[in-house]
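Data block for work-v4.tsv (TSV, C-alpha atoms):
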chain	number	residue	atom	x	y	z
A	28	PRO	CA	109.12	-8.32	70.66
A	29	THR	CA	111.38	-5.29	71.14
A	30	GLY	CA	111.86	-6.09	74.81
A	31	ARG	CA	112.75	-9.70	74.07
A	32	LEU	CA	115.34	-8.61	71.51
A	33	MET	CA	116.91	-6.20	74.01
A	34	VAL	CA	117.17	-8.92	76.67
A	35	LYS	CA	118.62	-11.37	74.15
A	36	GLY	CA	121.20	-8.79	73.07
A	37	ALA	CA	122.15	-8.08	76.68
A	38	ARG	CA	122.68	-11.79	77.33
A	39	ARG	CA	124.91	-12.10	74.29
A	40	LEU	CA	127.01	-9.14	75.38
A	41	ALA	CA	127.35	-10.72	78.81
A	42	GLY	CA	128.43	-14.01	77.23
A	43	ALA	CA	125.57	-15.82	78.91
A	44	GLY	CA	123.79	-17.01	75.80
A	45	GLY	CA	120.03	-17.52	75.61
A	46	LYS	CA	117.78	-20.30	76.81
A	47	GLY	CA	118.89	-23.61	75.35
A	48	LYS	CA	121.85	-22.05	73.59
A	49	LYS	CA	125.53	-22.67	73.99
A	50	LYS	CA	127.41	-20.22	76.18
A	51	GLY	CA	130.33	-18.24	74.91
A	52	GLY	CA	129.16	-14.86	73.60
A	53	GLN	CA	129.50	-13.71	70.01
A	54	ALA	CA	130.21	-15.95	67.04
A	55	PRO	CA	133.61	-15.42	65.37
A	56	ALA	CA	133.53	-13.14	62.35
A	57	MET	CA	134.13	-14.67	58.93
A	58	ARG	CA	137.20	-13.01	57.44
A	59	THR	CA	137.27	-12.04	53.77
A	60	SER	CA	140.43	-14.10	53.32
A	61	LEU	CA	138.72	-17.26	54.65
A	62	LEU	CA	135.63	-16.64	52.53
A	63	LYS	CA	137.77	-16.41	49.39
A	64	LYS	CA	139.55	-19.63	50.35
A	65	LEU	CA	136.17	-21.35	50.82
A	66	LEU	CA	134.96	-20.16	47.42
A	67	TRP	CA	138.17	-21.48	45.87
A	68	TRP	CA	137.62	-24.81	47.64
A	69	LEU	CA	134.00	-25.07	46.43
A	70	GLU	CA	135.10	-24.30	42.87
A	71	ARG	CA	137.71	-27.04	43.07
A	72	ARG	CA	135.25	-29.57	44.53
A	73	GLY	CA	132.77	-28.77	41.78
A	74	ARG	CA	135.34	-29.68	39.13
A	75	GLU	CA	136.41	-32.84	40.96
A	76	ASP	CA	132.90	-34.13	41.68
A	77	PRO	CA	130.51	-33.25	38.79
A	78	LEU	CA	127.62	-35.20	40.38
A	79	ARG	CA	127.62	-32.79	43.33
A	80	ARG	CA	128.66	-29.72	41.37
A	81	GLU	CA	125.33	-27.96	41.88
A	82	LEU	CA	125.60	-28.45	45.64
A	83	TYR	CA	128.88	-26.53	45.65
A	84	TRP	CA	127.42	-23.84	43.39
A	85	ARG	CA	124.51	-23.47	45.81
A	86	ASP	CA	126.73	-23.13	48.87
A	87	ALA	CA	129.01	-20.62	47.14
A	88	ALA	CA	125.96	-18.49	46.31
A	89	TRP	CA	124.57	-18.35	49.84
A	90	LEU	CA	127.99	-17.69	51.33
A	91	VAL	CA	128.45	-14.70	49.02
A	92	ILE	CA	124.94	-13.32	49.57
A	93	GLY	CA	125.13	-13.82	53.32
A	94	PHE	CA	128.52	-12.11	53.66
A	95	THR	CA	128.08	-9.17	51.28
A	96	GLY	CA	124.40	-8.60	52.14
A	97	LEU	CA	124.81	-9.15	55.92
A	98	LEU	CA	121.92	-11.64	55.88
A	99	ARG	CA	120.86	-13.79	58.79
A	100	LYS	CA	120.79	-17.56	58.20
A	101	SER	CA	116.99	-17.58	58.62
A	102	GLU	CA	116.68	-14.88	55.94
A	103	LEU	CA	118.85	-16.92	53.56
A	104	ALA	CA	116.79	-20.07	54.13
A	105	ALA	CA	113.52	-18.19	53.53
A	106	LEU	CA	114.51	-16.74	50.14
A	107	GLN	CA	112.34	-17.68	47.17
A	108	ARG	CA	113.29	-17.58	43.49
A	109	ARG	CA	111.37	-14.35	43.00
A	110	ASP	CA	113.37	-12.71	45.80
A	111	VAL	CA	116.72	-12.80	43.98
A	112	VAL	CA	117.11	-10.64	40.87
A	113	VAL	CA	120.36	-10.71	38.89
A	114	SER	CA	121.17	-7.87	36.47
A	115	ALA	CA	124.20	-6.36	34.76
A	116	GLU	CA	124.67	-4.03	37.75
A	117	GLY	CA	124.65	-6.76	40.37
A	118	VAL	CA	122.13	-8.61	42.54
A	119	ARG	CA	118.99	-7.49	44.36
A	120	VAL	CA	117.71	-9.59	47.25
A	121	HIS	CA	114.24	-9.16	48.74
A	122	ILE	CA	113.95	-9.93	52.46
A	123	ARG	CA	110.23	-10.54	52.92
A	124	LYS	CA	110.31	-10.81	56.70
A	125	SER	CA	112.93	-10.77	59.42
A	126	LYS	CA	113.12	-10.35	63.17
A	127	THR	CA	113.56	-6.59	62.72
A	128	ASP	CA	110.58	-6.50	60.33
A	129	GLN	CA	107.88	-8.36	62.25
A	130	GLU	CA	105.07	-6.87	60.15
A	131	GLY	CA	106.55	-8.21	56.94
A	132	ALA	CA	106.89	-4.90	55.13
A	133	GLY	CA	109.87	-6.29	53.21
A	134	GLN	CA	113.27	-4.81	52.45
A	135	TRP	CA	115.53	-4.89	49.40
A	136	VAL	CA	119.25	-5.51	49.74
A	137	HIS	CA	121.33	-4.22	46.83
A	138	LEU	CA	124.62	-5.94	46.01
A	139	GLY	CA	127.18	-4.97	43.39
A	140	ALA	CA	128.73	-7.18	40.72
A	141	THR	CA	132.19	-7.65	42.30
A	142	THR	CA	133.81	-6.69	45.59
A	143	ARG	CA	137.05	-4.76	45.87
A	144	SER	CA	138.71	-7.95	47.12
A	145	GLY	CA	137.69	-9.82	43.97
A	146	ILE	CA	134.60	-11.78	45.09
A	147	ALA	CA	132.35	-12.19	42.05
A	148	ILE	CA	128.91	-11.62	43.58
A	149	ARG	CA	126.85	-11.48	40.38
A	150	ASP	CA	128.53	-14.38	38.57
A	151	THR	CA	128.43	-16.66	41.63
A	152	VAL	CA	124.72	-16.02	42.24
A	153	GLU	CA	123.81	-16.14	38.55
A	154	ARG	CA	125.49	-19.53	38.11
A	155	TRP	CA	123.29	-21.00	40.83
A	156	ALA	CA	120.15	-19.19	39.60
A	157	LYS	CA	120.57	-20.78	36.15
A	158	VAL	CA	120.20	-24.25	37.67
A	159	TRP	CA	116.47	-23.65	38.27
A	160	ARG	CA	115.70	-21.05	35.63
A	161	GLY	CA	112.57	-22.16	33.78
A	162	LYS	CA	112.30	-25.35	35.86
A	163	ALA	CA	110.54	-24.11	39.00
A	164	GLY	CA	107.96	-21.56	40.07
A	165	ALA	CA	108.68	-18.12	41.45
A	166	GLU	CA	107.73	-19.22	44.97
A	167	THR	CA	110.10	-22.21	44.96
A	168	PRO	CA	112.85	-21.88	47.62
A	169	PHE	CA	115.94	-20.29	46.14
A	170	PHE	CA	118.28	-22.58	48.05
A	171	THR	CA	117.07	-26.18	47.79
A	172	ARG	CA	118.10	-29.51	49.30
A	173	PHE	CA	120.52	-31.90	47.62
A	174	LYS	CA	119.70	-35.62	47.51
A	175	HIS	CA	122.67	-37.93	48.04
A	176	TRP	CA	123.22	-41.54	46.89
A	177	ARG	CA	122.32	-42.93	50.31
A	178	GLU	CA	118.82	-41.48	49.98
A	179	GLY	CA	118.11	-43.63	46.92
A	180	GLY	CA	118.21	-42.79	43.23
A	181	LYS	CA	120.64	-40.55	41.41
A	182	PRO	CA	122.16	-37.64	43.36
A	183	GLY	CA	120.79	-34.24	42.47
A	184	MET	CA	118.91	-31.15	43.56
A	185	THR	CA	115.34	-31.40	44.81
A	186	LYS	CA	112.73	-28.63	44.95
A	187	GLU	CA	112.58	-28.81	48.74
A	188	GLY	CA	113.83	-25.92	50.83
A	189	LEU	CA	116.68	-26.39	53.27
A	190	GLY	CA	114.45	-25.53	56.21
A	191	ASN	CA	115.60	-25.58	59.84
A	192	LYS	CA	115.99	-21.80	59.69
A	193	GLY	CA	119.30	-22.17	57.90
A	194	GLU	CA	120.91	-24.72	60.21
A	195	ALA	CA	121.69	-26.98	57.24
A	196	MET	CA	123.67	-24.11	55.71
A	197	VAL	CA	125.74	-23.66	58.86
A	198	SER	CA	126.49	-27.39	59.01
A	199	GLY	CA	127.57	-27.29	55.37
A	200	MET	CA	129.84	-24.30	55.97
A	201	ARG	CA	131.60	-26.11	58.81
A	202	ARG	CA	132.10	-29.21	56.66
A	203	HIS	CA	133.58	-27.09	53.88
A	204	ILE	CA	135.99	-25.42	56.32
A	205	GLU	CA	137.08	-28.84	57.56
A	206	GLY	CA	137.54	-30.06	53.99
A	207	LEU	CA	139.56	-26.98	53.12
A	208	GLU	CA	141.81	-27.50	56.14
A	209	GLU	CA	142.35	-31.19	55.35
A	210	ALA	CA	143.20	-30.42	51.72
A	211	THR	CA	145.63	-27.59	52.47
A	212	GLY	CA	147.02	-28.78	55.82
A	213	LYS	CA	146.31	-25.36	57.34
A	214	ASP	CA	144.23	-24.47	60.41
A	215	TYR	CA	141.96	-21.67	59.20
A	216	SER	CA	139.40	-21.97	62.01
A	217	LYS	CA	142.01	-21.86	64.83
A	218	GLY	CA	139.59	-23.52	67.21
A	219	ARG	CA	136.75	-21.12	66.43
A	220	ARG	CA	133.27	-22.53	65.80
A	221	TYR	CA	131.66	-20.58	63.00
A	222	THR	CA	127.89	-20.04	63.05
A	223	GLY	CA	125.29	-18.44	60.81
A	224	HIS	CA	126.05	-15.06	62.38
A	225	SER	CA	129.70	-15.35	61.38
A	226	LEU	CA	128.85	-14.17	57.86
A	227	ARG	CA	126.77	-11.24	59.09
A	228	ARG	CA	129.37	-10.19	61.61
A	229	GLY	CA	132.22	-10.70	59.16
A	230	GLY	CA	130.57	-8.60	56.48
A	231	ALA	CA	129.89	-5.78	58.94
A	232	SER	CA	133.48	-5.87	60.21
A	233	GLU	CA	134.83	-5.76	56.66
A	234	LEU	CA	132.73	-2.66	55.90
A	235	GLN	CA	134.20	-1.05	59.00
A	236	ARG	CA	137.74	-1.88	57.85
A	237	GLN	CA	136.98	-0.31	54.49
A	238	GLY	CA	136.11	2.98	56.23
A	239	TRP	CA	132.31	2.99	55.93
A	240	LYS	CA	130.45	5.04	58.51
A	241	PRO	CA	128.46	3.25	61.23
A	242	ILE	CA	125.19	4.65	59.90
A	243	ASP	CA	125.91	3.09	56.48
A	244	ILE	CA	126.70	-0.29	58.03
A	245	GLN	CA	123.54	-0.11	60.13
A	246	ALA	CA	121.41	0.63	57.06
A	247	HIS	CA	122.99	-2.10	54.92
A	248	GLY	CA	122.51	-4.68	57.69
A	249	ARG	CA	118.93	-3.47	58.35
A	250	TRP	CA	119.51	-2.97	62.06
A	251	THR	CA	116.84	-0.91	63.80
A	252	SER	CA	119.01	-0.10	66.84
A	253	ASP	CA	122.68	0.38	67.65
A	254	CYS	CA	123.03	-3.30	68.65
A	255	TYR	CA	124.93	-3.77	65.37
A	256	LYS	CA	127.99	-2.27	67.08
A	257	ARG	CA	128.66	-5.53	68.90
A	258	TYR	CA	129.16	-7.20	65.50
A	259	LEU	CA	132.04	-4.93	64.52
A	260	GLU	CA	135.37	-6.57	65.09
A	261	ARG	CA	138.46	-4.40	65.09
A	262	SER	CA	141.64	-5.86	63.68
A	263	ARG	CA	144.75	-6.27	65.83
A	264	ARG	CA	146.38	-3.52	63.79
A	265	ASP	CA	143.54	-1.11	64.63
A	266	ARG	CA	143.71	-2.01	68.30
A	267	ARG	CA	147.48	-1.46	68.37
A	268	ALA	CA	147.00	1.87	66.65
A	269	LEU	CA	144.73	3.03	69.48
A	270	SER	CA	147.47	2.64	72.09
A	271	GLU	CA	150.14	4.02	69.75
A	272	SER	CA	148.12	7.21	69.32
A	273	MET	CA	148.26	8.03	73.03
How would this structure read if it were set down as structure tokens?
Amino acid sequence: PTGRLMVKGARRLAGAGGKGKKKGGQAPAMRTSLLKKLLWWLERRGREDPLRRELYWRDAAWLVIGFTGLLRKSELAALQRRDVVVSAEGVRVHIRKSKTDQEGAGQWVHLGATTRSGIAIRDTVERWAKVWRGKAGAETPFFTRFKHWREGGKPGMTKEGLGNKGEAMVSGMRRHIEGLEEATGKDYSKGRRYTGHSLRRGGASELQRQGWKPIDIQAHGRWTSDCYKRYLERSRRDRRALSESM
């Protein structure tokens, strides 16, 4: 498994992609400014469309957890109700198994209540958690599928997990970005195709901009090697500063 991960990482760095995957190297990093715009958009859509309000609450919750916790899309999709604990201090997320934890020892990710930029982690996650509180078992998927009108019956949340290793989340994120751009008339994506790794890479890059040491970023993202360095995206200002310091 370690050898396969090393080869996969080398291919990504070379921009060759893996077997059956689209070429083009690393996914673009989600910027904090775009994430806040998306959360604003989801809040607005929830008020405008009460029948789908819970869908927007769900997507806001996984966007916040994925970005601030540096979670992979597969880790988000695998979360169960018992894995997310909300308290006055913030949110604790239990990752039961990931590609860097093949034996399933489990790891806890600790998130605060609010970010410095004003993202309400605890309130956003708690709002979604209340939807299922007392209505489903502890092993029910934390992020569940939404049933639309076209599927028959009244729209609403089901108890089925999103599945597909988080692909449904990525598709939803892209739709929300498109909706945001149509509503505001602004091009936030600038031709970039965001993926599940955009949240993980964006969160890591934001920690770097805030001055956190590499070892802290590595620990928070649960990386077992220094491959996390390829996720760190330096701003144009930082890159200009390098040449100006010569």
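Taking CA of Gly133 in chain A and CA of His121 in chain A as the two end points, the separation is 6.9 Å.
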Worksheet item: Using all atoms listed in the file, which of A:His247, A:Arg72, A:Arg108, A:Lys124 sits nearest Thr171 in chain A?
Response: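 The closest residue to Thr171 in chain A is A:Arg108.
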Worksheet item: Near Lys213 in chain A, within 12 Å and counting only C-alpha atoms, which residues show up once chain neighbours fewer than 5 positions away are dropped, as a PyMOL selection string?
Response: chain A and resi 61+64+204-208
Item to complete: Using all atoms listed in the file, collect all residues at a distance of at most 8 Å from (113.1, -14.9, 45.1) as written in the file, then present them as a PyMOL selection string.
Response: chain A and resi 106-112+120-121+165-169
Practice prompt. Please provide as a ChimeraX atom specification all residues within 12 Å of Gly96 in chain A, with the sequence filter that same-chain residues fewer than 6 positions apart are discarded (counting only C-alpha atoms).
Written response: /A:88-90,102-103,111,117-122,134-139,142,148,226-231,233-234,244-249
Dump C-alpha atoms for the selected residues as a JSON list (two decimals), in the coordinates of the input?
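Below is the file again08.json, written as the result:
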[["chain", "number", "residue", "atom", "x", "y", "z"],
["A", 88, "ALA", "CA", 125.96, -18.49, 46.31],
["A", 89, "TRP", "CA", 124.57, -18.35, 49.84],
["A", 90, "LEU", "CA", 127.99, -17.69, 51.33],
["A", 102, "GLU", "CA", 116.68, -14.88, 55.94],
["A", 103, "LEU", "CA", 118.85, -16.92, 53.56],
["A", 111, "VAL", "CA", 116.72, -12.80, 43.98],
["A", 117, "GLY", "CA", 124.65, -6.76, 40.37],
["A", 118, "VAL", "CA", 122.13, -8.61, 42.54],
["A", 119, "ARG", "CA", 118.99, -7.49, 44.36],
["A", 120, "VAL", "CA", 117.71, -9.59, 47.25],
["A", 121, "HIS", "CA", 114.24, -9.16, 48.74],
["A", 122, "ILE", "CA", 113.95, -9.93, 52.46],
["A", 134, "GLN", "CA", 113.27, -4.81, 52.45],
["A", 135, "TRP", "CA", 115.53, -4.89, 49.40],
["A", 136, "VAL", "CA", 119.25, -5.51, 49.74],
["A", 137, "HIS", "CA", 121.33, -4.22, 46.83],
["A", 138, "LEU", "CA", 124.62, -5.94, 46.01],
["A", 139, "GLY", "CA", 127.18, -4.97, 43.39],
["A", 142, "THR", "CA", 133.81, -6.69, 45.59],
["A", 148, "ILE", "CA", 128.91, -11.62, 43.58],
["A", 226, "LEU", "CA", 128.85, -14.17, 57.86],
["A", 227, "ARG", "CA", 126.77, -11.24, 59.09],
["A", 228, "ARG", "CA", 129.37, -10.19, 61.61],
["A", 229, "GLY", "CA", 132.22, -10.70, 59.16],
["A", 230, "GLY", "CA", 130.57, -8.60, 56.48],
["A", 231, "ALA", "CA", 129.89, -5.78, 58.94],
["A", 233, "GLU", "CA", 134.83, -5.76, 56.66],
["A", 234, "LEU", "CA", 132.73, -2.66, 55.90],
["A", 244, "ILE", "CA", 126.70, -0.29, 58.03],
["A", 245, "GLN", "CA", 123.54, -0.11, 60.13],
["A", 246, "ALA", "CA", 121.41, 0.63, 57.06],
["A", 247, "HIS", "CA", 122.99, -2.10, 54.92],
["A", 248, "GLY", "CA", 122.51, -4.68, 57.69],
["A", 249, "ARG", "CA", 118.93, -3.47, 58.35]]
Practice prompt. One decimal, Å: what's the distance from CA of Arg236 in chain A over to CA of Ala147 in chain A, could you say?
Written response: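 Pair CA of Arg236 in chain A / CA of Ala147 in chain A returns 19.6 Å.
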Worksheet entry | d(CA of Ser225 in chain A, CA of Arg85 in chain A) in Å |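 A separation of 18.3 Å between them.
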Near Glu70 in chain A, within 9 Å and counting all atoms listed in the file, which residues show up once chain neighbours fewer than 6 positions away are dropped, as a compact mmCIF listing (two decimals) with C-alpha atoms, in the frame of the given file?
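What ended up in selection.txt:
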# COMPACT_ATOMS: atom_id res chain seq x y z
CA ARG A 80 128.66 -29.72 41.37
CA TYR A 83 128.88 -26.53 45.65
CA TRP A 84 127.42 -23.84 43.39
CA ALA A 87 129.01 -20.62 47.14
